[in-house]
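Pasting query30.pdb here (PDB, C-alpha atoms):
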ATOM      1  CA  MET A   1      23.599  44.901 -73.841
ATOM      2  CA  ASN A   2      21.218  42.331 -72.323
ATOM      3  CA  MET A   3      18.432  44.005 -70.306
ATOM      4  CA  ASP A   4      16.884  40.766 -68.974
ATOM      5  CA  SER A   5      17.487  40.104 -65.294
ATOM      6  CA  ASP A   6      17.946  36.648 -63.856
ATOM      7  CA  LEU A   7      14.438  36.947 -62.345
ATOM      8  CA  GLN A   8      12.909  37.664 -65.744
ATOM      9  CA  ILE A   9      14.731  34.724 -67.298
ATOM     10  CA  ALA A  10      14.335  32.073 -64.583
ATOM     11  CA  GLY A  11      11.362  33.339 -62.625
ATOM     12  CA  ASP A  12      11.165  33.745 -58.877
ATOM     13  CA  ILE A  13      13.259  30.950 -57.349
ATOM     14  CA  MET A  14      11.105  31.111 -54.202
ATOM     15  CA  GLU A  15       8.121  29.955 -56.261
ATOM     16  CA  VAL A  16       8.723  26.300 -56.928
ATOM     17  CA  PRO A  17       5.337  24.845 -57.860
ATOM     18  CA  HIS A  18       7.048  22.133 -59.861
ATOM     19  CA  LEU A  19       8.603  20.821 -56.618
ATOM     20  CA  LEU A  20       5.392  20.827 -54.579
ATOM     21  CA  GLN A  21       2.961  17.940 -54.294
ATOM     22  CA  PRO A  22      -0.031  18.493 -56.568
ATOM     23  CA  GLU A  23      -3.162  19.595 -54.732
ATOM     24  CA  ARG A  24      -5.614  16.721 -54.379
ATOM     25  CA  VAL A  25      -8.787  17.312 -56.308
ATOM     26  CA  HIS A  26     -10.751  14.658 -54.392
ATOM     27  CA  PRO A  27     -10.561  13.359 -50.809
ATOM     28  CA  VAL A  28      -8.729  10.099 -50.198
ATOM     29  CA  THR A  29      -8.281   9.780 -46.412
ATOM     30  CA  VAL A  30     -10.822   9.652 -43.589
ATOM     31  CA  ALA A  31      -9.622  13.106 -42.502
ATOM     32  CA  ASP A  32     -10.214  14.372 -46.051
ATOM     33  CA  PHE A  33     -13.790  13.053 -45.998
ATOM     34  CA  VAL A  34     -14.428  14.612 -42.577
ATOM     35  CA  GLY A  35     -13.079  17.882 -43.976
ATOM     36  CA  LEU A  36     -15.314  17.584 -47.039
ATOM     37  CA  ALA A  37     -18.369  17.082 -44.815
ATOM     38  CA  ARG A  38     -17.397  20.055 -42.635
ATOM     39  CA  SER A  39     -16.824  22.328 -45.622
ATOM     40  CA  ILE A  40     -20.229  21.478 -47.082
ATOM     41  CA  ALA A  41     -21.884  21.848 -43.656
ATOM     42  CA  GLU A  42     -20.372  25.304 -43.156
ATOM     43  CA  ASP A  43     -21.625  26.584 -46.515
ATOM     44  CA  ARG A  44     -25.435  26.562 -46.346
ATOM     45  CA  SER A  45     -25.657  27.561 -50.005
ATOM     46  CA  GLN A  46     -24.368  24.080 -50.919
ATOM     47  CA  TRP A  47     -27.206  22.235 -49.198
ATOM     48  CA  ALA A  48     -30.036  24.436 -47.875
ATOM     49  CA  PRO A  49     -31.725  24.988 -51.280
ATOM     50  CA  TYR A  50     -32.183  21.212 -51.616
ATOM     51  CA  VAL A  51     -33.812  20.486 -48.243
ATOM     52  CA  GLU A  52     -37.358  19.163 -48.412
ATOM     53  CA  TYR A  53     -39.511  17.448 -45.810
ATOM     54  CA  ASP A  54     -41.771  14.482 -46.475
ATOM     55  CA  ALA A  55     -44.272  13.442 -43.826
ATOM     56  CA  THR A  56     -44.422   9.853 -45.092
ATOM     57  CA  THR A  57     -40.742   8.946 -45.433
ATOM     58  CA  ARG A  58     -37.236  10.268 -44.919
ATOM     59  CA  TRP A  59     -36.368  12.544 -47.801
ATOM     60  CA  TYR A  60     -32.935  12.327 -49.446
ATOM     61  CA  HIS A  61     -31.000  13.965 -52.266
ATOM     62  CA  ARG A  62     -27.559  13.093 -53.644
ATOM     63  CA  LEU A  63     -25.556  16.324 -53.500
ATOM     64  CA  ARG A  64     -22.286  15.222 -55.036
ATOM     65  CA  THR A  65     -20.286  12.305 -56.335
ATOM     66  CA  GLY A  66     -16.587  11.909 -56.926
ATOM     67  CA  PRO A  67     -14.187   9.101 -57.612
ATOM     68  CA  GLY A  68     -15.079   6.504 -55.013
ATOM     69  CA  TYR A  69     -17.453   8.584 -52.881
ATOM     70  CA  GLU A  70     -20.855  10.210 -52.749
ATOM     71  CA  VAL A  71     -22.515  12.854 -50.571
ATOM     72  CA  TRP A  72     -26.173  12.638 -49.540
ATOM     73  CA  LEU A  73     -28.468  15.154 -47.869
ATOM     74  CA  LEU A  74     -31.301  13.757 -45.703
ATOM     75  CA  SER A  75     -34.187  15.412 -43.906
ATOM     76  CA  TRP A  76     -36.077  13.908 -41.009
ATOM     77  CA  VAL A  77     -39.403  14.994 -39.572
ATOM     78  CA  PRO A  78     -40.104  14.018 -35.942
ATOM     79  CA  GLY A  79     -40.449  10.257 -35.543
ATOM     80  CA  GLN A  80     -38.720   9.260 -38.776
ATOM     81  CA  GLY A  81     -35.847   6.798 -38.603
ATOM     82  CA  SER A  82     -33.527   4.724 -40.723
ATOM     83  CA  GLY A  83     -34.189   1.332 -39.189
ATOM     84  CA  LEU A  84     -31.297  -0.750 -37.899
ATOM     85  CA  HIS A  85     -28.780  -1.125 -40.737
ATOM     86  CA  ASP A  86     -25.172  -1.089 -41.860
ATOM     87  CA  HIS A  87     -23.538   0.270 -45.021
ATOM     88  CA  GLY A  88     -21.912  -2.883 -46.370
ATOM     89  CA  VAL A  89     -18.364  -2.173 -47.550
ATOM     90  CA  SER A  90     -18.744   1.604 -47.261
ATOM     91  CA  SER A  91     -17.268   3.769 -44.531
ATOM     92  CA  GLY A  92     -18.923   7.066 -43.791
ATOM     93  CA  VAL A  93     -19.208  10.414 -42.115
ATOM     94  CA  LEU A  94     -22.575  11.505 -40.692
ATOM     95  CA  THR A  95     -22.899  15.223 -39.929
ATOM     96  CA  VAL A  96     -25.980  16.769 -38.311
ATOM     97  CA  LEU A  97     -26.666  20.076 -40.063
ATOM     98  CA  GLU A  98     -29.832  21.168 -38.260
ATOM     99  CA  GLY A  99     -31.888  19.799 -35.421
ATOM    100  CA  GLU A 100     -31.023  16.722 -33.430
ATOM    101  CA  LEU A 101     -30.820  13.010 -34.218
ATOM    102  CA  THR A 102     -30.537   9.953 -31.993
ATOM    103  CA  GLU A 103     -28.145   7.147 -32.909
ATOM    104  CA  ARG A 104     -28.602   3.676 -31.442
ATOM    105  CA  THR A 105     -25.812   1.090 -31.574
ATOM    106  CA  ASP A 106     -24.770  -1.933 -29.551
ATOM    107  CA  ARG A 107     -22.657   0.535 -27.526
ATOM    108  CA  GLY A 108     -25.650   2.600 -26.476
ATOM    109  CA  VAL A 109     -27.755   5.587 -27.424
ATOM    110  CA  ARG A 110     -26.246   8.923 -28.375
ATOM    111  CA  THR A 111     -27.929  12.261 -29.103
ATOM    112  CA  LEU A 112     -26.300  14.097 -31.993
ATOM    113  CA  ALA A 113     -26.959  17.840 -31.985
ATOM    114  CA  GLY A 114     -26.313  20.233 -34.852
ATOM    115  CA  GLY A 115     -22.624  20.216 -35.813
ATOM    116  CA  ALA A 116     -21.929  16.737 -34.404
ATOM    117  CA  GLN A 117     -20.159  14.248 -36.646
ATOM    118  CA  ARG A 118     -19.874  10.455 -36.547
ATOM    119  CA  VAL A 119     -17.281   8.513 -38.494
ATOM    120  CA  PHE A 120     -17.969   4.836 -39.080
ATOM    121  CA  ALA A 121     -16.287   1.851 -40.689
ATOM    122  CA  PRO A 122     -17.757  -0.782 -43.018
ATOM    123  CA  GLU A 123     -20.460  -2.997 -41.505
ATOM    124  CA  TYR A 124     -21.025  -0.570 -38.591
ATOM    125  CA  VAL A 125     -24.567  -1.332 -37.380
ATOM    126  CA  HIS A 126     -26.707   1.560 -36.192
ATOM    127  CA  GLU A 127     -30.126   3.137 -36.294
ATOM    128  CA  VAL A 128     -30.666   6.881 -36.678
ATOM    129  CA  VAL A 129     -33.952   8.437 -35.549
ATOM    130  CA  ASN A 130     -35.377  11.915 -35.127
ATOM    131  CA  ASP A 131     -36.670  11.577 -31.556
ATOM    132  CA  SER A 132     -37.075  15.339 -31.179
ATOM    133  CA  LEU A 133     -40.121  17.507 -31.821
ATOM    134  CA  GLU A 134     -38.400  19.515 -34.592
ATOM    135  CA  PRO A 135     -37.255  18.531 -38.099
ATOM    136  CA  ALA A 136     -33.600  17.639 -38.624
ATOM    137  CA  VAL A 137     -31.204  17.695 -41.583
ATOM    138  CA  SER A 138     -28.080  15.562 -41.973
ATOM    139  CA  LEU A 139     -25.243  15.108 -44.431
ATOM    140  CA  HIS A 140     -23.808  11.666 -45.227
ATOM    141  CA  VAL A 141     -20.524  11.002 -47.034
ATOM    142  CA  TYR A 142     -19.949   7.386 -48.086
ATOM    143  CA  PHE A 143     -16.667   5.993 -49.389
ATOM    144  CA  PRO A 144     -16.764   3.991 -51.491
ATOM    145  CA  GLY A 145     -20.180   5.112 -52.702
ATOM    146  CA  LEU A 146     -23.113   3.355 -51.056
ATOM    147  CA  THR A 147     -24.074   0.168 -52.908
ATOM    148  CA  GLU A 148     -25.947  -1.652 -50.149
ATOM    149  CA  MET A 149     -27.671  -0.995 -46.846
ATOM    150  CA  PRO A 150     -28.459  -4.334 -45.191
ATOM    151  CA  MET A 151     -31.171  -4.128 -42.554
ATOM    152  CA  HIS A 152     -30.817  -5.845 -39.161
ATOM    153  CA  GLU A 153     -33.407  -7.291 -36.784
ATOM    154  CA  SER A 154     -31.871  -6.265 -33.445
ATOM    155  CA  LEU A 155     -28.735  -4.920 -31.809
ATOM    156  CA  ARG A 156     -26.230  -7.384 -30.402
ATOM    157  CA  ALA A 157     -26.512  -5.847 -26.928
ATOM    158  CA  GLN A 158     -29.053  -3.852 -24.971
ATOM    159  CA  CYS A 159     -28.769  -0.116 -25.680
ATOM    160  CA  ALA A 160     -27.850   1.968 -22.655
ATOM    161  CA  PRO A 161     -27.755   5.755 -22.744
ATOM    162  CA  VAL A 162     -24.335   7.384 -23.152
ATOM    163  CA  ALA A 163     -23.326  11.012 -22.809
ATOM    164  CA  PRO A 164     -24.631  13.297 -25.566
ATOM    165  CA  ALA A 165     -22.183  14.238 -28.312
ATOM    166  CA  PRO A 166     -20.867  17.793 -28.152
ATOM    167  CA  ALA A 167     -22.838  20.385 -30.116
ATOM    168  CA  ALA A 168     -19.619  21.955 -31.380
ATOM    169  CA  PRO A 169     -18.217  20.461 -34.574
ATOM    170  CA  GLY A 170     -16.254  17.520 -33.233
ATOM    171  CA  VAL A 171     -15.663  14.111 -34.680
ATOM    172  CA  ILE A 172     -16.707  11.021 -32.786
ATOM    173  CA  VAL A 173     -15.096   7.880 -34.113
ATOM    174  CA  ALA A 174     -17.180   4.745 -33.867
TER     175      ALA A 174
END
If you convert what's in this file into structure tokens, what do you get?
Amino acid sequence: MNMDSDLQIAGDIMEVPHLLQPERVHPVTVADFVGLARSIAEDRSQWAPYVEYDATTRWYHRLRTGPGYEVWLLSWVPGQGSGLHDHGVSSGVLTVLEGELTERTDRGVRTLAGGAQRVFAPEYVHEVVNDSLEPAVSLHVYFPGLTEMPMHESLRAQCAPVAPAPAAPGVIVA
């Protein structure tokens, strides 16, 4: 007499991992990269131990790389800025982890408080500055990985103030 049940022989028919899409190991869409930035931002243990401040220049540390992307951590003491630049062929996600940063573009000036995110396309020209009186920390995801950062002399249009970005984690598409 056979004591094996159909479940023992075939397994649970409700579990069909062979029919499901494989879980992506690395992000591939803009939404995936935004999610990656948010997940790192929410877990201080992934970035806080690496934060340092340098009074002479912006400090940066590459946190992670993957196929076609890289993640950078930057710290900014009051008055430090990036200069007006773009990221060449790279798109990106900028997330403010602590403090407050000011972004200047040809569309205007925007204050980015902790939790704010900016998504930008290749050749997006901006300047990021810590205009506050407190240090700031930001996370930058570039895809593909950053290979160039051309500097620019001036914005195409006069910067006019725009409404501050929400402090709650929300994505602002540039």
Assuming the chain letters and numbering stay as they are in my file, what does the PyMOL selection byres ((chain A and resi 36) around 12) actually select? List them as an NGL selection string. :A and (25-35 or 37-43 or 46 or 64-66 or 69-71 or 92-95 or 117 or 139-143)
Top pick for closest residue to Trp59 in chain A, considering A:Val119, A:Trp47, A:Gln80, A:Glu148 and counting only C-alpha atoms: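 Nearest candidate to Trp59 in chain A out of A:Val119, A:Trp47, A:Gln80, A:Glu148: A:Gln80.
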Interatomic distance (Å, one decimal) between CA of Leu155 in chain A and CA of Tyr53 in chain A: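 Rounded to one decimal, the two atoms are 28.5 Å apart.
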Using the chain letters and numbers from the file, which residues does the PyMOL selection byres ((chain A and resi 123) around 9) grab, as a list in words?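 The output of the PyMOL selection byres ((chain A and resi 123) around 9) on this file is His85, Asp86, His87, Gly88, Val89, Ser90, Ser91, Phe120, Ala121, Pro122, Tyr124, Val125 and Pro150 of chain A.
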So how many Å separate CA of Ala136 in chain A and CA of Ser75 in chain A, to one decimal? 5.8 Å
